[in-house]
Structure formats: C-alpha cells, structure tokens
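Printed here is coords_21.txt (compact mmCIF, C-alpha atoms and all ligand atoms):
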```
# COMPACT_ATOMS: atom_id res chain seq x y z
CA MET V 1 89.86 -59.85 14.28
CA ALA V 2 89.29 -58.08 17.61
CA SER V 3 92.21 -57.97 20.02
CA ILE V 4 92.67 -57.12 23.67
CA LEU V 5 95.04 -54.17 24.00
CA GLY V 6 94.98 -53.49 27.75
CA PHE V 7 93.79 -54.96 31.04
CA GLY V 8 92.56 -53.38 34.28
CA GLY V 9 91.14 -54.47 37.60
CA TYR V 10 90.19 -53.02 40.95
CA VAL V 11 88.79 -54.21 44.26
CA PRO V 12 87.99 -51.97 47.24
CA GLU V 13 90.30 -52.08 50.26
CA ARG V 14 87.83 -53.21 52.91
CA ILE V 15 88.19 -56.95 53.58
CA VAL V 16 85.30 -58.91 55.13
CA THR V 17 86.33 -62.37 56.34
CA ASN V 18 84.17 -65.41 57.03
CA ASP V 19 84.72 -64.78 60.74
CA ASP V 20 83.37 -61.26 60.28
CA TRP V 21 80.21 -62.83 58.83
CA ALA V 22 80.06 -65.41 61.63
CA ALA V 23 80.10 -62.56 64.15
CA ARG V 24 77.05 -61.06 62.47
CA LEU V 25 74.97 -63.97 61.13
CA ASP V 26 74.26 -67.59 62.05
CA THR V 27 77.08 -68.98 59.91
CA SER V 28 80.70 -70.10 60.27
CA ASP V 29 84.04 -70.04 58.50
CA GLU V 30 83.78 -73.82 58.27
CA TRP V 31 80.36 -73.78 56.52
CA ILE V 32 81.32 -71.05 54.06
CA THR V 33 84.71 -72.61 53.28
CA GLN V 34 83.33 -76.12 52.80
CA ARG V 35 80.37 -75.10 50.64
CA THR V 36 81.99 -72.34 48.60
CA GLY V 37 85.77 -72.14 49.06
CA ILE V 38 85.38 -68.43 49.88
CA LYS V 39 87.56 -67.12 52.74
CA ARG V 40 87.17 -63.36 52.33
CA ARG V 41 85.70 -60.75 50.01
CA ARG V 42 85.92 -56.97 49.48
CA PHE V 43 83.23 -54.43 50.29
CA ALA V 44 83.01 -51.00 48.68
CA ALA V 45 83.72 -48.18 51.13
CA ASP V 46 80.70 -46.16 52.26
CA ASP V 47 81.61 -43.35 49.86
CA GLN V 48 82.20 -45.66 46.89
CA ALA V 49 79.62 -46.81 44.37
CA THR V 50 79.63 -48.66 41.05
CA LEU V 51 81.01 -45.74 39.02
CA ASP V 52 84.05 -45.35 41.30
CA LEU V 53 85.03 -48.99 40.92
CA ALA V 54 84.41 -48.92 37.15
CA LEU V 55 86.59 -45.83 36.76
CA GLU V 56 89.47 -47.37 38.73
CA ALA V 57 89.56 -50.50 36.54
CA SER V 58 88.94 -48.54 33.32
CA ARG V 59 91.76 -46.06 33.92
CA LYS V 60 94.17 -48.98 34.41
CA ALA V 61 92.98 -50.72 31.24
CA VAL V 62 93.25 -47.55 29.14
CA ALA V 63 96.77 -46.81 30.48
CA ASP V 64 97.79 -50.46 30.01
CA ALA V 65 96.74 -50.17 26.35
CA GLY V 66 99.06 -47.16 26.03
CA MET V 67 96.06 -44.94 25.32
CA GLU V 68 94.33 -41.81 26.56
CA PRO V 69 90.57 -41.68 27.30
CA ALA V 70 90.22 -39.66 24.07
CA ASP V 71 91.31 -42.76 22.12
CA ILE V 72 88.26 -44.78 23.27
CA ASP V 73 85.51 -44.97 20.63
CA GLU V 74 82.81 -46.90 22.49
CA ILE V 75 82.07 -48.29 25.97
CA VAL V 76 80.15 -51.48 26.79
CA LEU V 77 79.66 -51.99 30.52
CA ALA V 78 78.17 -55.10 32.13
CA THR V 79 76.58 -54.73 35.55
CA ASP V 80 73.57 -55.87 37.53
CA THR V 81 74.26 -53.26 40.19
CA PRO V 82 74.37 -49.95 38.31
CA GLU V 83 75.25 -46.57 39.78
CA MET V 84 71.57 -45.55 39.35
CA LEU V 85 68.48 -46.75 37.46
CA THR V 86 69.00 -44.25 34.66
CA PRO V 87 71.17 -43.23 32.92
CA ASP V 88 73.49 -46.16 32.35
CA THR V 89 76.72 -46.47 34.29
CA ALA V 90 78.62 -46.54 30.96
CA ALA V 91 77.52 -42.94 30.25
CA LEU V 92 78.88 -41.88 33.63
CA VAL V 93 82.14 -43.70 32.88
CA GLN V 94 82.38 -41.85 29.53
CA HIS V 95 82.19 -38.53 31.37
CA GLY V 96 84.23 -39.61 34.39
CA LEU V 97 87.12 -40.85 32.26
CA GLY V 98 87.06 -37.75 30.06
CA CYS V 99 86.24 -39.57 26.81
CA ARG V 100 84.83 -37.83 23.74
CA ASN V 101 81.02 -37.97 23.23
CA ILE V 102 81.22 -41.59 22.12
CA PRO V 103 78.34 -44.09 22.28
CA THR V 104 78.05 -46.10 25.47
CA TYR V 105 75.89 -49.05 26.48
CA ASP V 106 75.10 -50.90 29.68
CA LEU V 107 74.51 -54.60 29.38
CA GLY V 108 72.36 -55.00 32.48
CA GLY V 109 70.77 -58.01 34.06
CA SER V 110 73.02 -60.65 32.54
CA GLY V 111 74.21 -61.51 36.00
CA CYS V 112 77.67 -62.92 36.22
CA ALA V 113 77.79 -63.73 32.48
CA GLY V 114 77.62 -60.05 31.55
CA PHE V 115 81.29 -59.35 30.89
CA VAL V 116 81.87 -62.31 28.56
CA GLN V 117 78.70 -61.37 26.67
CA ALA V 118 79.94 -57.76 26.50
CA LEU V 119 83.27 -58.98 25.10
CA ASP V 120 81.32 -60.88 22.42
CA VAL V 121 79.29 -57.73 21.60
CA ALA V 122 82.45 -55.58 21.50
CA ALA V 123 84.18 -58.05 19.16
CA SER V 124 81.26 -57.82 16.74
CA ARG V 125 81.25 -53.99 16.95
CA ILE V 126 84.95 -54.00 16.07
CA ALA V 127 84.24 -56.39 13.17
CA THR V 128 81.83 -53.78 11.75
CA GLY V 129 84.27 -50.88 11.97
CA THR V 130 84.36 -49.51 15.51
CA ARG V 131 87.95 -49.05 16.65
CA ASN V 132 88.75 -48.98 20.38
CA VAL V 133 86.09 -50.36 22.73
CA LEU V 134 86.36 -50.22 26.51
CA VAL V 135 84.62 -53.27 27.99
CA VAL V 136 83.89 -53.21 31.72
CA GLY V 137 82.44 -55.67 34.24
CA VAL V 138 81.62 -54.06 37.59
CA GLU V 139 79.48 -54.80 40.63
CA VAL V 140 78.73 -53.38 44.04
CA ILE V 141 76.50 -56.33 44.90
CA THR V 142 76.88 -55.94 48.65
CA ARG V 143 74.96 -52.64 48.51
CA LEU V 144 71.84 -54.05 46.80
CA ILE V 145 71.26 -57.44 48.46
CA SER V 146 70.19 -58.18 52.00
CA LEU V 147 73.13 -58.51 54.38
CA GLU V 148 70.82 -60.31 56.82
CA ASP V 149 70.22 -63.35 54.58
CA ARG V 150 73.03 -65.81 55.26
CA SER V 151 72.16 -67.97 52.25
CA THR V 152 73.20 -65.24 49.79
CA ALA V 153 75.10 -62.50 51.68
CA VAL V 154 78.25 -64.52 52.34
CA LEU V 155 78.71 -65.41 48.66
CA PHE V 156 79.33 -61.99 47.16
CA GLY V 157 81.87 -59.18 47.03
CA ASP V 158 82.47 -55.94 45.13
CA GLY V 159 84.95 -55.25 42.33
CA ALA V 160 85.60 -54.28 38.74
CA GLY V 161 87.57 -55.45 35.72
CA ALA V 162 88.05 -53.94 32.28
CA VAL V 163 89.76 -54.48 28.96
CA VAL V 164 90.38 -52.21 26.00
CA MET V 165 89.69 -53.97 22.71
CA GLY V 166 90.54 -52.90 19.20
CA PRO V 167 91.13 -54.16 15.67
CA GLY V 168 94.35 -55.70 14.50
CA PRO V 169 97.19 -57.16 16.49
CA GLY V 170 97.21 -56.66 20.25
CA ARG V 171 98.26 -58.53 23.37
CA ALA V 172 95.65 -61.25 22.74
CA SER V 173 93.22 -62.01 19.90
CA VAL V 174 89.58 -62.85 20.53
CA LEU V 175 89.27 -65.89 18.25
CA GLY V 176 85.55 -66.35 18.87
CA ALA V 177 82.76 -66.42 21.43
CA VAL V 178 79.49 -68.20 22.12
CA SER V 179 76.58 -67.06 24.28
CA GLY V 180 73.21 -68.48 25.29
CA THR V 181 70.15 -67.64 27.34
CA ASP V 182 67.37 -69.62 29.06
CA GLY V 183 64.88 -67.00 30.24
CA GLY V 184 62.58 -69.79 31.45
CA SER V 185 64.93 -70.17 34.42
CA ALA V 186 64.68 -66.52 35.44
CA GLU V 187 62.93 -67.19 38.75
CA ILE V 188 65.71 -69.51 39.95
CA LEU V 189 68.00 -66.51 40.52
CA THR V 190 66.24 -63.18 40.73
CA LEU V 191 66.04 -59.85 42.47
CA ALA V 192 62.50 -59.05 41.38
CA ALA V 193 61.76 -55.76 43.14
CA GLY V 194 62.65 -52.34 41.73
CA GLY V 195 61.31 -52.81 38.21
CA THR V 196 57.90 -51.85 36.84
CA ARG V 197 56.21 -55.12 37.85
CA ASN V 198 57.12 -54.67 41.49
CA PRO V 199 58.41 -51.12 42.02
CA PHE V 200 60.22 -49.95 45.12
CA ASN V 201 57.49 -48.74 47.48
CA ALA V 202 56.36 -48.99 51.08
CA THR V 203 55.08 -52.54 50.54
CA THR V 204 58.32 -53.92 49.06
CA LEU V 205 60.18 -52.14 51.85
CA ALA V 206 57.91 -53.52 54.60
CA ASN V 207 58.11 -57.05 53.15
CA GLY V 208 61.89 -56.91 52.83
CA GLU V 209 61.56 -57.64 49.09
CA PHE V 210 63.52 -54.62 47.91
CA ASN V 211 66.87 -56.34 48.45
CA ARG V 212 65.90 -60.02 48.58
CA LEU V 213 67.97 -62.06 46.16
CA VAL V 214 65.95 -65.24 45.60
CA MET V 215 68.17 -68.15 44.63
CA ASP V 216 67.79 -71.91 44.37
CA GLY V 217 71.46 -72.57 45.07
CA ARG V 218 71.42 -76.22 44.04
CA LYS V 219 69.75 -75.59 40.67
CA VAL V 220 72.11 -72.68 40.01
CA PHE V 221 75.06 -74.93 40.90
CA VAL V 222 74.04 -77.71 38.49
CA GLU V 223 73.28 -75.35 35.61
CA ALA V 224 76.46 -73.32 36.14
CA VAL V 225 78.60 -76.45 35.85
CA ARG V 226 76.74 -77.72 32.78
CA ARG V 227 76.57 -74.44 30.90
CA MET V 228 80.16 -73.28 31.54
CA SER V 229 81.55 -76.69 30.55
CA GLU V 230 79.41 -76.91 27.41
CA ALA V 231 80.12 -73.31 26.38
CA SER V 232 83.88 -73.87 26.77
CA LEU V 233 83.77 -76.89 24.46
CA GLN V 234 81.45 -75.11 22.00
CA VAL V 235 83.76 -72.12 21.64
CA LEU V 236 86.76 -74.40 21.17
CA GLU V 237 84.91 -76.23 18.40
CA LYS V 238 83.90 -72.90 16.84
CA VAL V 239 87.51 -71.75 16.60
CA GLY V 240 88.85 -75.15 15.53
CA ARG V 241 90.81 -75.92 18.68
CA SER V 242 90.59 -78.61 21.33
CA ILE V 243 90.75 -78.74 25.11
CA SER V 244 94.32 -80.07 24.95
CA ASP V 245 95.39 -76.76 23.33
CA VAL V 246 94.17 -74.71 26.31
CA ALA V 247 96.78 -73.09 28.58
CA LEU V 248 94.28 -71.65 31.08
CA VAL V 249 90.53 -71.57 31.67
CA ILE V 250 89.29 -68.49 33.54
CA PRO V 251 85.81 -69.44 34.75
CA HIS V 252 83.34 -67.25 36.59
CA GLN V 253 84.32 -67.32 40.26
CA ALA V 254 81.12 -68.14 42.15
CA ASN V 255 82.07 -71.18 44.14
CA LYS V 256 85.19 -73.40 44.28
CA ARG V 257 83.04 -76.52 44.05
CA ILE V 258 81.47 -75.26 40.81
CA ILE V 259 84.96 -74.52 39.45
CA ASP V 260 86.20 -77.97 40.50
CA ALA V 261 83.24 -79.65 38.78
CA VAL V 262 83.90 -77.69 35.55
CA THR V 263 87.60 -78.64 35.80
CA SER V 264 86.67 -82.29 36.09
CA LYS V 265 84.06 -82.18 33.30
CA LEU V 266 86.60 -80.64 30.96
CA GLY V 267 89.22 -83.21 32.02
CA LEU V 268 91.70 -80.49 32.93
CA ALA V 269 94.50 -80.48 35.49
CA GLU V 270 93.82 -78.08 38.38
CA ASP V 271 96.69 -75.80 37.41
CA LYS V 272 94.97 -75.08 34.08
CA VAL V 273 92.01 -73.42 35.77
CA TYR V 274 92.31 -70.00 37.41
CA VAL V 275 90.93 -69.66 40.94
CA ASN V 276 90.73 -66.56 43.13
CA VAL V 277 87.26 -67.06 44.61
CA HIS V 278 88.80 -67.67 48.06
CA GLU V 279 90.10 -64.07 48.04
CA TYR V 280 87.20 -62.13 46.51
CA GLY V 281 84.05 -64.27 46.57
CA ASN V 282 81.62 -63.82 43.70
CA ILE V 283 82.04 -60.33 42.19
CA GLY V 284 79.44 -60.96 39.50
CA SER V 285 80.26 -59.69 36.04
CA ALA V 286 83.64 -58.47 37.35
CA THR V 287 85.03 -61.92 38.19
CA VAL V 288 86.29 -62.81 34.71
CA PRO V 289 87.94 -59.48 33.72
CA PHE V 290 89.37 -59.04 37.22
CA ALA V 291 90.86 -62.57 37.15
CA LEU V 292 92.17 -61.96 33.63
CA TRP V 293 93.90 -58.77 34.78
CA GLU V 294 95.30 -60.57 37.83
CA ALA V 295 96.57 -63.52 35.75
CA VAL V 296 98.24 -61.22 33.21
CA GLY V 297 99.81 -59.14 36.01
CA ALA V 298 101.17 -62.27 37.68
CA GLY V 299 102.85 -63.28 34.43
CA LYS V 300 100.69 -66.40 34.13
CA LEU V 301 99.82 -65.72 30.49
CA VAL V 302 102.48 -65.53 27.81
CA ALA V 303 102.50 -65.30 24.02
CA GLY V 304 101.11 -68.48 22.50
CA ASP V 305 98.73 -69.27 25.38
CA LEU V 306 95.14 -70.12 24.46
CA VAL V 307 92.76 -68.96 27.20
CA ILE V 308 89.07 -69.79 27.61
CA LEU V 309 86.90 -67.29 29.48
CA THR V 310 83.56 -68.71 30.58
CA ALA V 311 80.76 -67.41 32.78
CA PHE V 312 77.25 -68.15 33.92
CA GLY V 313 74.65 -66.02 35.65
CA ALA V 314 71.09 -64.94 36.26
CA GLY V 315 68.76 -65.21 33.30
CA PHE V 316 70.09 -67.83 32.91
CA HIS V 317 72.81 -66.48 30.65
CA TRP V 318 76.09 -68.16 29.80
CA ALA V 319 78.99 -67.36 27.51
CA ALA V 320 82.52 -68.40 26.62
CA ALA V 321 85.29 -66.76 24.62
CA ALA V 322 88.52 -68.15 23.20
CA VAL V 323 91.42 -65.72 23.54
CA GLN V 324 94.85 -66.32 21.98
CA PHE V 325 97.79 -64.56 23.63
C1 LIG V 401 74.46 -71.65 48.00
C2 LIG V 401 75.30 -72.90 48.17
C3 LIG V 401 76.68 -72.53 48.68
C4 LIG V 401 74.62 -73.80 49.18
O1 LIG V 401 75.38 -74.97 49.30
P1 LIG V 401 74.62 -76.36 49.35
O2 LIG V 401 75.65 -77.41 49.52
O3 LIG V 401 73.74 -76.42 48.14
O4 LIG V 401 73.79 -76.20 50.65
P2 LIG V 401 72.62 -77.12 51.09
O5 LIG V 401 71.44 -76.80 50.24
O6 LIG V 401 73.05 -78.54 51.15
O7 LIG V 401 72.42 -76.63 52.55
C5 LIG V 401 71.65 -75.57 52.77
C6 LIG V 401 71.51 -75.51 54.28
O8 LIG V 401 72.55 -74.64 54.73
C7 LIG V 401 71.95 -73.52 55.36
N1 LIG V 401 72.73 -72.35 55.03
C8 LIG V 401 72.60 -71.53 53.96
N2 LIG V 401 73.52 -70.56 54.03
C9 LIG V 401 74.22 -70.77 55.15
C10 LIG V 401 75.31 -70.11 55.74
N3 LIG V 401 75.86 -69.01 55.20
N4 LIG V 401 75.81 -70.62 56.89
C11 LIG V 401 75.29 -71.71 57.45
N5 LIG V 401 74.25 -72.39 56.94
C12 LIG V 401 73.74 -71.92 55.79
C13 LIG V 401 70.53 -73.46 54.80
O9 LIG V 401 69.69 -72.78 55.66
C14 LIG V 401 70.19 -74.90 54.66
O10 LIG V 401 69.83 -75.40 55.93
P3 LIG V 401 68.69 -76.53 56.09
O11 LIG V 401 69.24 -77.73 55.41
O12 LIG V 401 68.56 -76.67 57.56
O13 LIG V 401 67.50 -75.97 55.40
C15 LIG V 401 75.44 -73.65 46.82
O14 LIG V 401 74.20 -74.23 46.47
C16 LIG V 401 75.92 -72.77 45.72
O15 LIG V 401 77.00 -72.24 45.76
N6 LIG V 401 75.12 -72.62 44.65
C17 LIG V 401 75.45 -71.73 43.58
C18 LIG V 401 75.18 -70.32 44.01
C19 LIG V 401 75.80 -69.31 43.10
O16 LIG V 401 76.90 -69.48 42.66
N7 LIG V 401 75.09 -68.21 42.82
C20 LIG V 401 75.54 -67.20 41.97
C21 LIG V 401 75.47 -67.68 40.59
S1 LIG V 401 76.25 -66.71 39.43
```
This structure in structure tokens:
Amino acid sequence: MASILGFGGYVPERIVTNDDWAARLDTSDEWITQRTGIKRRRFAADDQATLDLALEASRKAVADAGMEPADIDEIVLATDTPEMLTPDTAALVQHGLGCRNIPTYDLGGSGCAGFVQALDVAASRIATGTRNVLVVGVEVITRLISLEDRSTAVLFGDGAGAVVMGPGPGRASVLGAVSGTDGGSAEILTLAAGGTRNPFNATTLANGEFNRLVMDGRKVFVEAVRRMSEASLQVLEKVGRSISDVALVIPHQANKRIIDAVTSKLGLAEDKVYVNVHEYGNIGSATVPFALWEAVGAGKLVAGDLVILTAFGAGFHWAAAAVQF
C-alpha cells in the first residue's frame, strides 16, 4: 500500500488583502468576506513563477521524508498554471531539484482537483512497482487570469504543496481514492484561450480573452458541494470505513460557504473540517497538499487519525482520498 513519507508547502511572502482589492476594483472587504470567507491571499513576487514555488514545496517534502533528490523515482505534478506551455513543469522540477533522469508527468487542466487525482495516480504507480514518487500541486493563478475582473480575481492566490509517497510503512497510508470527471460541464469554468482552438494572438489580446476566466459561480458552487460530499462518502465506503471514523476532512479551499455546506452534508462538527481559505484564498491544486502540510506541522494529525482529502475543479473533475495516519 502506498504511504506518505514527507510533506511540504510554500506560499509567497506578498500578502494582498481584501482592502487592497477594494482600492483597485469595485469590491469591498464586506462582499468578499460574506460571499467567500477569504480575507487575504498571497501573490508570487515579480521574479517568481510556478517552478520556483514548486521547488520550495518539493525541497521541504523531500527533506521531511529524510531523503535526497536522488532518492526520488518519479514526479507527478498537478497544475493549471504551468511554468510554460512545453515542456511540463515536472521536468523542470526534476532538473531544479537535482533528481536523476527519472520520468516526470504534469497532470494539467484538472483545476483544483489535480493534486488529489495525482495522489491517486501516484498510489497506483507505487502499486505497480515504482518506489518514491514526488507529488506536487502548484499554481501561480494570479499571473494568468485577469486582475481587472472582480468576479474571479478576488478568489485566487498562489502557492504550492507537495508530498513524497512510497511503498510500505510511512507517516500515513493511502487506503484508497476515488476520482470522477464530467467533461460536459467544461464551459462552466474555463480559460479557453491559449490552446489550439483559440490560440494566443492579436485578436484574443484585443478582446481580452487571453486571461478571461469564465465561471458560472453558482453552478460551480452547487457542483463543488455535491461532488466533494459524494466523493468523501464513496471513498469511505471503498475502504470500509464510515464518516464517524474520520478525524479530519481536508477539502479544497475555494470558498468558506462551500466548505460549510460540505461540512453540513457530511454531518460533521466544524472542528473536523480544515479551513485556511481566509488566509490564502483558492490556490487551486495546491490547496489540499498545502493544508495537509500545515495541519501536520501544527500537530493536528496524530497516529491513528483517518483523514479524507477531497477536491473539485474545472472539467469538472473531483476526487477524494482516504489517508490513515
Ligand atoms: C463567485 C461567488 C463568490 C459569487 O457569490 P454569489 O453569492 O454566487 O454571488 P451572486 O451571484 O449572488 O452575486 C453576484 C453579484 O455580485 C457581483 N460581484 C461579483 N464579484 C464581486 C466582487 N468581487 N465584489 C462585489 N460584487 C461582486 C456580481 O457582479 C453580481 O452582481 P449583480 O447581481 O448586480 O449582477 C460564488 O458563486 C462562488 O464562490 N462560487 C464558486 C466559485 C469557485 O469556487 N470557483 C473555483 C472552483 S474550484
């Protein structure tokens, strides 16, 4: 069975508060707080990009596992905001960390569900003989979406999280995972420009399409609550456990109201659900591994604790994993 051997997380230093947004756009701390629970978020420094954040979190995870980069046998990296279009950010992490010439993969476009899906993929790679897999979730969302559109800009932040996984006993065992996709809902949350259908060019630039994140917030909200709740229960059933066994749920951190609705649907007490969205906003595929690293570092997870990781994002994709400390 695949285990988690080390945890890492990183957010850039620059803090952008709701009042900073209110000074720039037609919005307010009150609106953002009431609708999302977000109070502040981090922005990558001008000289930072996705690779820098991924390396910071990865180095911590590798050291936390008591390993050297040479011990890593594979890298799976989830991001919707890669360092560049090609090659994959995972290849750049392989070189930047100083790993051997191991295989690397980006899991791109899974939105905020990417890390939990990557964890699922890594667990199956380990089941078929791969040893130590570095799994990363990283985003520099604030660089690729319009900072003039108040309906999306205020929701997001930048950050990274990582785990090292391997076979045999570790700090926590991945008991099982479930994932699902509804590609028919793609247009509800999409950044359509920059691919082959609608390449970056003078027209997309003139129309402001190149960085326009199109989102039907209400539909995303409803589906996020439904899918994360269902996936959590499905993975518990898969591993033969029940919601009353769960010590902590770490859901994707998009919006406090979404988290509250999932908490209520699962019938959980508030203290059994991890929340840091007020501090960091939505950091995409990095929310779950970053929160996991934070929770472990704060001593919130001890041996015996059953933890559910669950996430939802563009696609739509959703996933959940059951992790036994
Ligand atoms: C986006 C979201 C916060 C909007 O909250 P909401 O309660 O659905 O908002 P409503 O649709 O009731 O209100 C929208 C109104 O607020 C306005 N508005 C949008 N962003 C605003 C902002 N930052 N400040 C002030 N007003 C804003 C809109 O223009 C609209 O005004 P109108 O009614 O005059 O047209 C919410 O739908 C949400 O969080 N959805 C999920 C989004 C998400 O998590 N995406 C990532 C998924 S991984």
Please identify the residues whose atoms come within 8 Å of ligand LIG 401 (chain V), using all atoms listed in the file, and report them as a ChimeraX atom specification.
/V:25-28,31-32,35-36,111-113,149-155,189,215-222,224,252,254-255,257-258,282,284,312-314
From the list V:Gly137, V:Pro251, V:Pro87, V:Gly281, the nearest residue to Leu107 of chain V using all atoms listed in the file is V:Gly137
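Atom pair atom CA of Gly315 of chain V / atom CA of Ile259 of chain V: separated by 19.7 Å.
You will find atom CA of Asp20 of chain V at 12.8 Å from atom CA of Ile38 of chain V.
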Between V:Val307, V:Ala261, V:Met165, V:Ala202, which residue has the minimum interatomic distance to Arg227 of chain V, considering only C-alpha atoms?
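Checking each candidate against Arg227 of chain V, we get V:Ala261 as the closest.
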Which residues, written as a ChimeraX atom specification, have at least one atom at most 9 Å from Leu309 of chain V, with only C-alpha atoms counted and residues fewer than 5 positions away on the same chain left out?
/V:116,232,248-252,288-289,292,319-323
Nearest to Gly195 of chain V, chosen from V:Glu279, V:Glu209, V:Gly166, V:Leu233, with all atoms listed in the file counted in the distances
V:Glu209
